[in-house]
$ cat input.txt   # compact mmCIF, C-alpha atoms
# COMPACT_ATOMS: atom_id res chain seq x y z
CA MET A 1 69.24 35.23 26.71
CA HIS A 2 65.73 36.64 26.70
CA THR A 3 64.21 39.01 24.21
CA ILE A 4 61.35 41.50 24.31
CA GLN A 5 60.10 43.18 21.18
CA TYR A 6 57.95 46.28 20.76
CA MET A 7 56.42 47.13 17.39
CA LEU A 8 54.53 50.24 16.39
CA LEU A 9 53.76 50.96 12.74
CA GLY A 10 57.20 51.13 11.16
CA CYS A 11 59.23 51.13 14.38
CA ARG A 12 60.62 47.98 15.97
CA LEU A 13 62.55 47.94 19.25
CA HIS A 14 64.25 44.68 20.10
CA LEU A 15 65.74 44.14 23.58
CA VAL A 16 68.12 41.31 24.38
CA GLY A 17 69.27 40.58 27.91
CA GLN A 18 69.44 38.23 30.81
CA GLY A 19 66.47 37.59 33.05
CA VAL A 20 63.87 35.14 34.17
CA GLU A 21 62.21 32.78 31.70
CA ASP A 22 58.46 32.45 32.22
CA GLY A 23 56.87 31.68 28.89
CA ASP A 24 55.45 34.86 27.35
CA ASN A 25 56.12 36.79 30.55
CA SER A 26 59.90 36.41 30.55
CA THR A 27 61.58 39.37 32.20
CA ILE A 28 64.83 41.17 31.49
CA THR A 29 66.94 42.15 34.48
CA GLU A 30 70.17 42.89 32.64
CA LEU A 31 70.20 44.49 29.19
CA LYS A 32 72.88 43.31 26.77
CA GLN A 33 71.83 44.99 23.56
CA PHE A 34 68.98 46.82 21.94
CA THR A 35 68.19 47.29 18.27
CA LEU A 36 65.90 50.02 17.01
CA ASN A 37 64.69 49.80 13.41
CA LEU A 38 62.79 52.66 11.82
CA GLU A 39 60.86 51.71 8.69
CA ASP A 40 63.86 49.72 7.47
CA HIS A 41 65.93 52.79 6.65
CA VAL A 42 67.52 53.42 10.07
CA SER A 43 68.91 50.87 12.46
CA LEU A 44 70.36 51.85 15.82
CA VAL A 45 72.24 49.35 17.96
CA GLY A 46 73.45 50.02 21.49
CA ASP A 47 73.64 48.86 25.06
CA ARG A 48 72.16 50.03 28.34
CA PRO A 49 73.88 53.49 28.52
CA HIS A 50 72.64 54.24 25.01
CA LEU A 51 69.08 53.26 25.90
CA GLU A 52 69.26 55.40 29.04
CA ALA A 53 70.58 58.30 26.98
CA LEU A 54 67.74 57.88 24.44
CA VAL A 55 65.14 57.94 27.23
CA GLU A 56 66.84 60.92 28.86
CA THR A 57 66.88 62.86 25.59
CA LEU A 58 63.87 61.92 23.49
CA LEU A 59 61.19 62.06 26.19
CA PRO A 60 61.96 65.64 27.35
CA TYR A 61 62.31 66.65 23.69
CA ALA A 62 58.85 65.24 22.95
CA ARG A 63 57.49 67.00 26.02
CA HIS A 64 58.75 70.34 24.63
CA ILE A 65 57.15 69.59 21.26
CA VAL A 66 53.80 69.11 23.04
CA SER A 67 54.22 72.68 24.33
CA ALA A 68 55.19 73.81 20.79
CA GLN A 69 58.63 74.76 22.13
CA ALA A 70 60.97 72.31 20.41
CA ARG A 71 64.56 72.85 21.53
CA GLU A 72 67.81 70.92 21.55
CA CYS A 73 68.14 68.19 24.17
CA LYS A 74 71.35 66.35 25.12
CA SER A 75 71.95 63.40 27.36
CA ALA A 76 74.16 63.84 30.42
CA ASN A 77 76.76 61.39 29.10
CA GLY A 78 76.78 63.17 25.71
CA LYS A 79 75.98 60.01 23.76
CA VAL A 80 72.72 61.28 22.27
CA SER A 81 71.48 64.69 21.22
CA ILE A 82 68.44 65.77 19.24
CA THR A 83 67.62 69.11 17.69
CA PRO A 84 64.93 70.57 15.41
CA TRP A 85 66.09 70.32 11.80
CA HIS A 86 64.21 71.86 8.85
CA ARG A 87 60.75 70.26 8.94
CA GLY A 88 61.89 67.39 11.16
CA HIS A 89 64.50 66.47 13.74
CA ARG A 90 68.15 65.46 13.70
CA LEU A 91 69.19 62.73 16.11
CA ARG A 92 72.93 62.59 16.68
CA LEU A 93 74.56 59.58 18.28
CA ARG A 94 78.15 59.60 19.50
CA ASN A 95 80.47 56.79 20.44
CA GLU A 96 82.57 56.44 23.59
CA ASN A 97 85.29 58.79 22.26
CA GLY A 98 82.79 61.56 21.62
CA SER A 99 83.27 61.55 17.86
CA THR A 100 80.08 61.56 15.79
CA ARG A 101 78.95 58.11 14.98
CA ASN A 102 75.61 58.55 13.32
CA ASP A 103 73.26 61.32 12.25
CA VAL A 104 69.64 60.39 11.71
CA GLN A 105 66.99 62.62 10.14
CA LEU A 106 63.53 61.96 11.52
CA ASP A 107 60.09 63.30 10.75
CA ASP A 108 57.41 63.79 13.40
CA GLY A 109 55.86 60.39 12.73
CA GLU A 110 59.14 58.47 13.14
CA LEU A 111 60.04 60.39 16.27
CA ALA A 112 56.58 59.76 17.73
CA ASN A 113 57.01 56.02 17.02
CA MET A 114 60.36 56.00 18.81
CA VAL A 115 58.95 57.91 21.76
CA ARG A 116 56.02 55.53 22.08
CA CYS A 117 58.34 52.51 21.93
CA LEU A 118 60.50 54.01 24.71
CA ASP A 119 57.32 54.74 26.72
CA ALA A 120 56.32 51.11 26.29
CA VAL A 121 59.71 49.92 27.55
CA ILE A 122 59.56 52.13 30.63
CA HIS A 123 56.02 51.11 31.54
CA ASP A 124 56.51 47.43 30.83
CA PRO A 125 56.65 45.31 34.03
CA ARG A 126 58.73 42.70 32.14
CA PHE A 127 61.55 45.20 31.74
CA GLN A 128 63.01 45.22 35.25
CA LEU A 129 65.78 47.74 34.88
CA ASP A 130 65.87 51.00 36.73
CA ILE A 131 65.30 53.26 33.73
CA THR A 132 62.59 55.86 34.31
CA ALA A 133 61.32 58.89 32.47
CA PRO A 134 62.76 62.20 33.69
CA PRO A 135 60.33 64.31 35.74
CA MET A 136 58.33 66.79 33.70
CA GLN A 137 56.97 70.16 34.77
CA GLY A 138 55.18 73.05 33.15
CA LEU A 139 57.41 75.62 31.50
CA ARG A 140 58.01 78.96 33.14
CA GLU A 141 56.52 82.10 31.64
CA ARG A 142 59.87 83.28 30.32
CA GLU A 143 60.48 79.91 28.66
CA LEU A 144 57.37 80.29 26.50
CA LEU A 145 59.15 82.47 24.00
CA ASN A 146 57.29 81.70 20.83
CA ARG A 147 53.78 81.37 22.17
CA LEU A 148 53.04 85.08 21.81
CA PRO A 149 54.13 86.95 18.68
CA LEU A 150 56.74 89.68 19.10
CA ARG A 151 54.19 92.45 18.50
CA ARG A 152 51.96 91.29 21.33
CA ARG A 153 54.91 90.79 23.66
CA LEU A 154 56.19 94.30 23.02
CA ALA A 155 52.77 95.98 22.97
CA ALA A 156 52.38 96.34 26.76
CA PRO A 157 55.85 97.73 27.64
CA LEU A 158 55.93 100.03 24.58
CA GLY A 159 52.41 101.26 25.28
CA GLY A 160 53.36 102.02 28.88
CA LEU A 161 56.46 103.89 27.79
CA VAL A 162 54.54 105.99 25.24
CA LEU A 163 51.84 106.80 27.81
CA THR A 164 54.42 107.90 30.38
CA MET A 165 56.16 110.12 27.85
CA ALA A 166 52.83 111.66 26.79
CA LEU A 167 51.88 112.38 30.40
CA MET A 168 55.25 113.96 31.03
CA GLY A 169 54.86 116.15 27.91
CA LEU A 170 51.41 117.24 29.06
CA GLY A 171 52.87 118.04 32.45
CA PHE A 172 55.30 120.47 30.86
CA LEU A 173 52.44 122.25 29.11
CA ILE A 174 50.67 123.18 32.35
CA PRO A 175 51.70 126.77 33.30
CA VAL A 176 53.56 127.10 36.55
CA PRO A 177 53.16 130.33 38.66
CA GLU A 178 56.23 132.56 38.31
CA ARG A 179 58.49 132.62 41.32
CA VAL A 180 59.31 136.15 42.63
CA ARG A 181 62.97 136.49 43.11
CA VAL A 182 63.79 138.39 46.30
CA THR A 183 67.16 140.17 46.54
CA ASP A 184 69.21 140.26 49.76
CA SER A 185 68.68 144.02 50.31
CA GLU A 186 64.92 143.59 50.06
CA ASP A 187 65.16 140.77 52.52
CA ARG A 188 66.98 142.96 55.01
CA GLN A 189 64.47 145.76 54.58
CA GLU A 190 61.63 143.38 55.22
CA ASP A 191 63.41 142.13 58.34
CA THR A 192 63.92 145.61 59.77
CA THR A 193 60.33 146.65 59.13
CA ALA A 194 59.20 143.57 60.86
CA VAL A 195 61.34 144.36 63.88
CA GLU A 196 60.09 147.93 63.86
CA THR A 197 56.50 146.89 63.80
CA ILE A 198 57.15 144.51 66.66
CA GLU A 199 58.82 147.30 68.59
CA GLU A 200 55.93 149.55 67.83
CA GLN A 201 53.60 146.94 69.23
CA VAL A 202 55.70 146.68 72.36
CA ILE A 203 55.55 150.42 73.08
CA PRO A 204 53.15 150.84 75.96
CA VAL A 205 50.29 153.12 75.32
CA GLU A 206 49.56 155.53 78.06
CA VAL A 207 45.92 155.58 78.94
CA GLU A 208 44.53 158.48 80.72
CA PRO A 209 42.77 157.50 83.90
CA GLU A 210 39.10 157.94 83.72
CA THR A 211 37.80 160.69 85.92
CA GLU A 212 34.88 159.71 87.99
CA THR A 213 31.92 161.90 87.35
CA PRO A 214 30.25 163.13 90.47
CA SER A 215 26.95 161.55 91.12
CA PRO A 216 24.10 163.95 91.07
CA MET B 1 30.01 86.97 92.82
CA ALA B 2 27.00 85.39 91.17
CA VAL B 3 29.14 84.25 88.28
CA LEU B 4 31.67 82.69 90.64
CA LEU B 5 28.91 80.87 92.46
CA LEU B 6 27.54 79.51 89.21
CA LEU B 7 31.00 78.28 88.19
CA ALA B 8 31.47 76.57 91.54
CA LEU B 9 28.11 74.83 91.20
CA ARG B 10 29.02 73.61 87.70
CA LEU B 11 32.34 72.25 88.92
CA LYS B 12 30.53 70.40 91.71
CA ALA B 13 28.13 68.90 89.21
CA HIS B 14 31.07 67.74 86.97
CA PRO B 15 34.01 67.03 89.23
CA HIS B 16 36.24 65.93 86.30
CA PRO B 17 35.15 67.93 83.28
CA GLU B 18 36.72 67.05 79.92
CA SER B 19 39.34 69.59 79.05
CA ALA B 20 38.70 71.38 75.77
CA PRO B 21 41.48 70.89 73.19
CA THR B 22 43.84 73.81 73.01
CA VAL B 23 46.49 74.86 70.55
CA ALA B 24 49.18 73.61 72.91
CA ASP B 25 47.73 70.08 72.91
CA ASP B 26 49.37 67.42 70.83
CA ILE B 27 47.08 67.10 67.83
CA ASP B 28 47.90 64.65 65.12
CA PRO B 29 48.81 66.81 62.13
CA LEU B 30 47.62 64.17 59.71
CA GLN B 31 44.18 64.11 61.32
CA LEU B 32 44.05 67.88 61.08
CA GLN B 33 44.86 67.74 57.38
CA GLN B 34 42.16 65.18 56.77
CA ASP B 35 39.63 67.35 58.58
CA ASP B 36 40.69 70.34 56.50
CA ALA B 37 40.44 68.36 53.29
CA GLY B 38 36.92 67.33 54.16
CA PHE B 39 35.84 70.91 54.74
CA PRO B 40 33.42 71.69 51.93
CA ASP B 41 34.29 75.35 51.38
CA ARG B 42 38.01 74.87 51.07
CA PRO B 43 38.93 75.17 47.36
CA GLU B 44 41.17 72.49 45.93
CA PRO B 45 44.28 73.93 44.24
CA SER B 46 43.68 73.95 40.51
CA LEU B 47 45.79 71.55 38.48
CA VAL B 48 45.67 73.49 35.23
CA GLY B 49 45.01 77.12 34.47
CA ARG B 50 42.82 78.90 31.95
CA HIS B 51 45.17 78.09 29.07
CA GLY B 52 45.22 74.43 30.08
CA LEU B 53 41.42 74.18 30.05
CA GLN B 54 41.27 75.81 26.63
CA GLN B 55 43.93 73.48 25.29
CA LEU B 56 42.26 70.38 26.70
CA ASP B 57 38.90 71.19 25.11
CA LEU B 58 40.51 72.13 21.78
CA LEU B 59 42.41 68.83 21.75
CA MET B 60 39.13 66.97 22.30
CA THR B 61 37.51 69.00 19.52
CA THR B 62 40.43 68.10 17.22
CA LEU B 63 39.94 64.43 18.08
CA GLU B 64 36.27 64.76 17.14
CA ALA B 65 37.27 66.43 13.87
CA LEU B 66 39.61 63.51 13.16
CA ASP B 67 36.92 60.95 13.88
CA PHE B 68 33.28 61.82 14.55
CA ARG B 69 32.91 58.74 16.76
CA CYS B 70 35.48 60.11 19.20
CA GLY B 71 32.88 62.18 21.08
CA GLU B 72 30.78 59.11 21.86
CA GLY B 73 33.93 57.10 22.45
CA MET B 74 35.13 59.53 25.09
CA VAL B 75 31.83 59.34 27.02
CA ALA B 76 31.79 55.56 26.77
CA SER B 77 35.40 55.36 27.91
CA LEU B 78 34.68 57.53 30.94
CA GLN B 79 31.65 55.42 31.86
CA ARG B 80 33.66 52.24 31.45
CA LYS B 81 36.48 53.46 33.65
CA GLY B 82 33.95 54.43 36.32
CA VAL B 83 35.55 57.71 37.19
CA ALA B 84 35.45 58.30 40.92
CA THR B 85 34.22 61.85 40.47
CA GLY B 86 30.52 61.18 40.45
CA ALA B 87 27.92 59.79 38.09
CA MET B 88 29.24 60.08 34.57
CA GLY B 89 27.06 60.82 31.60
CA ARG B 90 27.01 62.81 28.42
CA VAL B 91 25.70 65.91 30.21
CA GLU B 92 28.23 65.69 33.00
CA PHE B 93 31.04 65.35 30.47
CA TRP B 94 29.68 68.36 28.56
CA LYS B 95 29.73 70.33 31.84
CA TRP B 96 33.39 69.47 32.28
CA ARG B 97 34.17 70.67 28.78
CA THR B 98 32.28 73.93 29.17
CA THR B 99 34.86 75.10 31.70
CA ASN B 100 36.80 76.16 28.58
CA PRO B 101 36.54 79.97 28.66
CA LEU B 102 36.32 80.10 24.87
CA ARG B 103 33.05 78.15 24.78
CA LEU B 104 29.81 79.74 23.64
CA THR B 105 28.09 78.50 26.79
CA MET B 106 30.67 78.59 29.49
CA ARG B 107 30.55 77.53 33.13
CA ARG B 108 32.73 79.17 35.72
CA ASN B 109 32.97 76.20 38.08
CA ARG B 110 36.40 74.76 38.73
CA LEU B 111 37.30 71.24 37.77
CA LYS B 112 38.59 68.92 40.46
CA GLN B 113 42.05 67.47 40.08
CA ALA B 114 40.60 64.00 39.49
CA GLN B 115 38.39 65.39 36.71
CA VAL B 116 41.33 67.08 35.00
CA MET B 117 43.38 63.90 35.26
CA ALA B 118 40.48 61.89 33.82
CA MET B 119 40.26 64.28 30.86
CA VAL B 120 44.02 64.13 30.27
CA ALA B 121 43.93 60.32 30.36
CA LEU B 122 40.98 60.38 27.98
CA VAL B 123 42.77 62.58 25.43
CA CYS B 124 45.87 60.36 25.54
CA ASP B 125 43.74 57.22 25.23
CA MET B 126 41.79 58.57 22.25
CA ALA B 127 45.00 59.85 20.62
CA ALA B 128 46.40 56.32 20.88
CA ARG B 129 43.25 54.99 19.18
CA VAL B 130 43.50 57.39 16.22
CA TYR B 131 47.31 57.13 16.15
CA PRO B 132 47.48 55.71 12.59
CA LEU B 133 45.49 58.70 11.32
CA LEU B 134 47.75 61.12 13.19
CA HIS B 135 50.82 59.34 11.85
CA GLN B 136 49.56 59.62 8.29
CA LEU B 137 49.07 63.35 8.72
CA VAL B 138 52.51 64.16 10.13
CA SER B 139 54.57 61.76 8.04
CA VAL B 140 56.59 63.50 5.31
CA ARG B 141 56.77 60.26 3.35
CA GLU B 142 53.14 60.67 2.28
CA GLU B 143 52.34 62.03 -1.19
CA PRO B 144 52.29 65.88 -0.80
CA SER B 145 49.01 66.36 -2.68
CA VAL B 146 47.30 63.64 -0.61
CA ALA B 147 48.71 65.09 2.61
CA GLU B 148 47.48 68.58 1.65
CA ALA B 149 44.00 67.25 0.94
CA ARG B 150 43.94 65.48 4.32
CA TRP B 151 45.03 68.62 6.15
CA ALA B 152 42.45 70.72 4.29
CA LEU B 153 39.67 68.25 5.18
CA LEU B 154 40.67 68.14 8.85
CA THR B 155 41.02 71.93 9.06
CA GLY B 156 37.57 72.40 7.51
CA ARG B 157 35.99 70.02 10.02
CA LEU B 158 37.74 71.70 12.92
CA GLN B 159 36.62 75.14 11.73
CA ASP B 160 33.01 73.88 11.54
CA LEU B 161 33.12 72.46 15.06
CA ILE B 162 34.68 75.61 16.44
CA ARG B 163 32.08 77.79 14.70
CA GLN B 164 29.32 75.71 16.30
CA ARG B 165 30.70 75.55 19.83
CA MET B 166 33.01 78.46 20.56
CA ASN B 167 32.29 82.08 21.31
CA PRO B 168 32.72 84.03 18.05
CA LYS B 169 33.36 87.26 19.99
CA ARG B 170 36.67 85.91 21.26
CA ALA B 171 39.65 87.05 19.21
CA ALA B 172 41.26 83.61 19.39
CA MET B 173 38.15 82.10 17.80
CA GLN B 174 37.74 84.86 15.23
CA ASN B 175 41.23 84.01 13.99
CA PHE B 176 40.02 80.49 13.21
CA ALA B 177 37.99 81.92 10.34
CA ASP B 178 41.29 82.57 8.58
CA ASP B 179 42.23 79.37 6.72
CA GLU B 180 45.97 79.86 7.15
CA TYR B 181 45.70 80.39 10.90
CA ALA B 182 43.29 77.47 11.23
CA LEU B 183 45.71 75.19 9.33
CA ALA B 184 48.62 76.22 11.55
CA MET B 185 46.54 75.60 14.70
CA THR B 186 45.36 72.24 13.38
CA LYS B 187 48.97 71.19 12.77
CA THR B 188 49.93 72.26 16.29
CA MET B 189 47.03 70.29 17.77
CA VAL B 190 47.84 67.18 15.74
CA ARG B 191 51.50 67.38 16.77
CA THR B 192 50.45 67.70 20.40
CA LEU B 193 48.14 64.71 20.07
CA ILE B 194 50.67 62.42 18.40
CA PHE B 195 53.28 63.07 21.11
CA SER B 196 50.67 62.67 23.86
CA ALA B 197 49.38 59.32 22.64
CA GLY B 198 49.60 56.36 24.95
CA PRO B 199 50.14 56.00 28.67
CA GLY B 200 53.49 57.80 28.64
CA GLY B 201 51.88 60.80 26.98
CA GLN B 202 49.81 61.69 30.04
CA GLN B 203 52.82 63.08 31.88
CA ARG B 204 53.88 65.13 28.86
CA LEU B 205 50.41 66.49 28.18
CA LEU B 206 49.76 67.41 31.81
CA ALA B 207 53.12 69.18 32.01
CA SER B 208 52.31 71.16 28.86
CA LEU B 209 48.88 72.13 30.25
CA GLN B 210 50.66 73.57 33.28
CA ASP B 211 52.85 75.86 31.18
CA GLY B 212 53.21 79.32 32.63
CA MET B 213 51.94 78.28 36.08
CA ARG B 214 55.39 77.97 37.60
CA PRO B 215 56.78 81.14 39.20
$ encode --input "input.txt" --output "structure tokens"
Amino acid sequence: MHTIQYMLLGCRLHLVGQGVEDGDNSTITELKQFTLNLEDHVSLVGDRPHLEALVETLLPYARHIVSAQARECKSANGKVSITPWHRGHRLRLRNENGSTRNDVQLDDGELANMVRCLDAVIHDPRFQLDITAPPMQGLRERELLNRLPLRRRLAAPLGGLVLTMALMGLGFLIPVPERVRVTDSEDRQEDTTAVETIEEQVIPVEVEPETETPSP
Amino acid sequence: MAVLLLLALRLKAHPHPESAPTVADDIDPLQLQQDDAGFPDRPEPSLVGRHGLQQLDLLMTTLEALDFRCGEGMVASLQRKGVATGAMGRVEFWKWRTTNPLRLTMRRNRLKQAQVMAMVALVCDMAARVYPLLHQLVSVREEPSVAEARWALLTGRLQDLIRQRMNPKRAAMQNFADDEYALAMTKTMVRTLIFSAGPGGQQRLLASLQDGMRP
């Protein structure tokens, strides 16, 4: 059995597994157990699936904290979940049956220690297991809910709505020319007069032939 | 006719002229990409937006407020790493930082991707160096009165640095004059720094700087 230990302030992560012995550079290729101690008041013990679940949960959670958008994160196998809790965080660990096994309250400092220890494990060439950090991308605009206060978020659409209503109200104030209502009888009269005038125009006008004046 | 004669003469002079490359020719796409990349006027896609540049400079300012030696340390670290983006000095580093639109003297040039990556790595590296200080600030196990005094000291330093360097006409910077707002911003910055510390923090910090850039 080989062991690798990572220590950071009050956090200690101890890995035990099988691997290659090479003095200080002994590697672990198969993880048997890990123990995570936090300032001597929390001790987590688990195997490879638990470590994978911790990496899968805590690193994206920390990434959201960096964007000031802390939100609940759960591992795919449901073993680990973490959520913002009062001024800190609540880490919930479940056993194989899915029943709650352990609830741990963490402050930012303890969580940061854990995250840095997990980072160290992932980036350590001695730890030769295929556990990698999940890919991280920038959040979409609609995901940045709390970045802008509600007033500023609502200012633009409300302003637009008020402006549209005001313009519509002003539009109603502009006087419109009255429409002359034409009755059917008047229509007919107009039609007949039109026909008459056309007929009048058609009437040929007799022109008297000019009489040639005798030349002197 | 004269044109035809001239063409005939040219063909006689060069019986096997080299054919000019056409669109239909098989051109190595990789070669084409390399040529395009080398074209000086083609802008490189920006890695972070306006918000990212602001955030990066404010994080560096917070690091300087935490430890006054951080400014010199950042320049020394860049020189030591031998960044492949040109000769590195204090002035060059200042030019990078003045791409922050909130700066009093601001430059509109765009940072290259390598420069942004170097700055992100620098922030994470410096955050790892001052990690014990950051840990003291965010830990709830500290004595409340001592913690309050530490936060007040850090906020005061940050306000001073921002007053010296940032454009006071900007609303975001005017808000820093308010102690409550400044304290809240300082706490946000410190939280960002503590979770960005170390080599694993680079990925997290870069992703956060790209917030809002995805469609």
$ closest_atom_pairs --input "input.txt" --of "chain A" --to "chain B" --cutoff "9 Å" --atoms "all atoms listed in the file" --output "JSON lines"
{"residue": "A:Leu9", "atom": "CA", "partner": "B:Pro132", "partner_atom": "CA", "distance": 7.9}
{"residue": "A:Leu59", "atom": "CA", "partner": "B:Arg204", "partner_atom": "CA", "distance": 8.4}
{"residue": "A:Pro60", "atom": "CA", "partner": "B:Arg204", "partner_atom": "CA", "distance": 8.2}
{"residue": "A:Ala62", "atom": "CA", "partner": "B:Phe195", "partner_atom": "CA", "distance": 6.3}
{"residue": "A:Arg63", "atom": "CA", "partner": "B:Arg204", "partner_atom": "CA", "distance": 5.0}
{"residue": "A:His64", "atom": "CA", "partner": "B:Ser208", "partner_atom": "CA", "distance": 7.7}
{"residue": "A:Ile65", "atom": "CA", "partner": "B:Thr192", "partner_atom": "CA", "distance": 7.0}
{"residue": "A:Val66", "atom": "CA", "partner": "B:Thr192", "partner_atom": "CA", "distance": 4.5}
{"residue": "A:Ser67", "atom": "CA", "partner": "B:Ser208", "partner_atom": "CA", "distance": 5.1}
{"residue": "A:Ala68", "atom": "CA", "partner": "B:Thr188", "partner_atom": "CA", "distance": 7.1}
{"residue": "A:Arg87", "atom": "CA", "partner": "B:Val140", "partner_atom": "CA", "distance": 8.7}
{"residue": "A:Gly88", "atom": "CA", "partner": "B:Val140", "partner_atom": "CA", "distance": 8.8}
{"residue": "A:Asp107", "atom": "CA", "partner": "B:Ser139", "partner_atom": "CA", "distance": 6.3}
{"residue": "A:Asp108", "atom": "CA", "partner": "B:Val138", "partner_atom": "CA", "distance": 5.9}
{"residue": "A:Gly109", "atom": "CA", "partner": "B:Ser139", "partner_atom": "CA", "distance": 5.1}
{"residue": "A:Glu110", "atom": "CA", "partner": "B:Ser139", "partner_atom": "CA", "distance": 7.6}
{"residue": "A:Leu111", "atom": "CA", "partner": "B:Phe195", "partner_atom": "CA", "distance": 8.7}
{"residue": "A:Ala112", "atom": "CA", "partner": "B:Phe195", "partner_atom": "CA", "distance": 5.8}
{"residue": "A:Asn113", "atom": "CA", "partner": "B:His135", "partner_atom": "CA", "distance": 8.7}
{"residue": "A:Val115", "atom": "CA", "partner": "B:Phe195", "partner_atom": "CA", "distance": 7.7}
{"residue": "A:Arg116", "atom": "CA", "partner": "B:Gly198", "partner_atom": "CA", "distance": 7.1}
{"residue": "A:Leu118", "atom": "CA", "partner": "B:Gly200", "partner_atom": "CA", "distance": 8.9}
{"residue": "A:Asp119", "atom": "CA", "partner": "B:Gly200", "partner_atom": "CA", "distance": 5.3}
{"residue": "A:Ala120", "atom": "CA", "partner": "B:Gly200", "partner_atom": "CA", "distance": 7.6}
{"residue": "A:Ile122", "atom": "CA", "partner": "B:Gly200", "partner_atom": "CA", "distance": 8.5}
{"residue": "A:His123", "atom": "CA", "partner": "B:Gly200", "partner_atom": "CA", "distance": 7.7}
{"residue": "A:Ala133", "atom": "CA", "partner": "B:Gly200", "partner_atom": "CA", "distance": 8.8}
{"residue": "A:Pro135", "atom": "CA", "partner": "B:Gln203", "partner_atom": "CA", "distance": 8.5}
{"residue": "A:Met136", "atom": "CA", "partner": "B:Ala207", "partner_atom": "CA", "distance": 6.0}
{"residue": "A:Gln137", "atom": "CA", "partner": "B:Ala207", "partner_atom": "CA", "distance": 4.8}
{"residue": "A:Gly138", "atom": "CA", "partner": "B:Asp211", "partner_atom": "CA", "distance": 4.1}
{"residue": "A:Leu139", "atom": "CA", "partner": "B:Asp211", "partner_atom": "CA", "distance": 4.6}
{"residue": "A:Arg140", "atom": "CA", "partner": "B:Gly212", "partner_atom": "CA", "distance": 4.8}
{"residue": "A:Glu141", "atom": "CA", "partner": "B:Gly212", "partner_atom": "CA", "distance": 4.4}
{"residue": "A:Arg142", "atom": "CA", "partner": "B:Gly212", "partner_atom": "CA", "distance": 8.1}
{"residue": "A:Glu143", "atom": "CA", "partner": "B:Gly212", "partner_atom": "CA", "distance": 8.3}
{"residue": "A:Leu144", "atom": "CA", "partner": "B:Gly212", "partner_atom": "CA", "distance": 7.5}
$ axis_aligned_box --input "input.txt" --around "segment 106-115 of chain A" --padding-each-side "4 Å" --output "JSON"
{"center_x": 59.7, "center_y": 59.9, "center_z": 16.3, "size_x": 15.7, "size_y": 15.8, "size_z": 19.0}
$ atom_distance --input "input.txt" --atom1 "atom CA of Leu47 of chain B" --atom2 "atom CA of Ala70 of chain A"
23.6 Å
$ closest_residue --input "input.txt" --among "B:Met126, B:Leu153, B:Met117, B:Cys70" --to "Trp96 of chain B" --atoms "all atoms listed in the file"
B:Met117
$ atom_distance --input "input.txt" --atom1 "atom CA of Glu64 of chain B" --atom2 "atom CA of Leu106 of chain A"
28.0 Å
$ atom_distance --input "input.txt" --atom1 "atom CA of Val116 of chain B" --atom2 "atom CA of Val55 of chain A"
26.7 Å
$ closest_residue --input "input.txt" --among "A:Val42, A:Phe172, A:Ser75, A:Leu163" --to "Val104 of chain A" --atoms "only C-alpha atoms"
A:Val42
$ residues_around --input "input.txt" --residues "Leu54 of chain A" --least-positions-apart "5" --cutoff "12 Å" --atoms "all atoms listed in the file" --output "number ranges by chain"
A: 34, 36, 44-49, 59-62, 73-82, 91-94, 111, 114-115, 117-119, 121-122, 131-134
$ residues_around --input "input.txt" --residues "Val16 of chain A" --least-positions-apart "5" --cutoff "8 Å" --atoms "all atoms listed in the file" --output "ChimeraX atom specification"
/A:1-4,28,31-34
$ residues_around --input "input.txt" --residues "Thr83 of chain A" --least-positions-apart "4" --cutoff "6 Å" --atoms "all atoms listed in the file" --output "ChimeraX atom specification"
/A:72,89-90
$ closest_residue --input "input.txt" --among "A:His86, A:Arg153, A:Arg12, A:Arg101" --to "Glu39 of chain A" --atoms "all atoms listed in the file"
A:Arg12
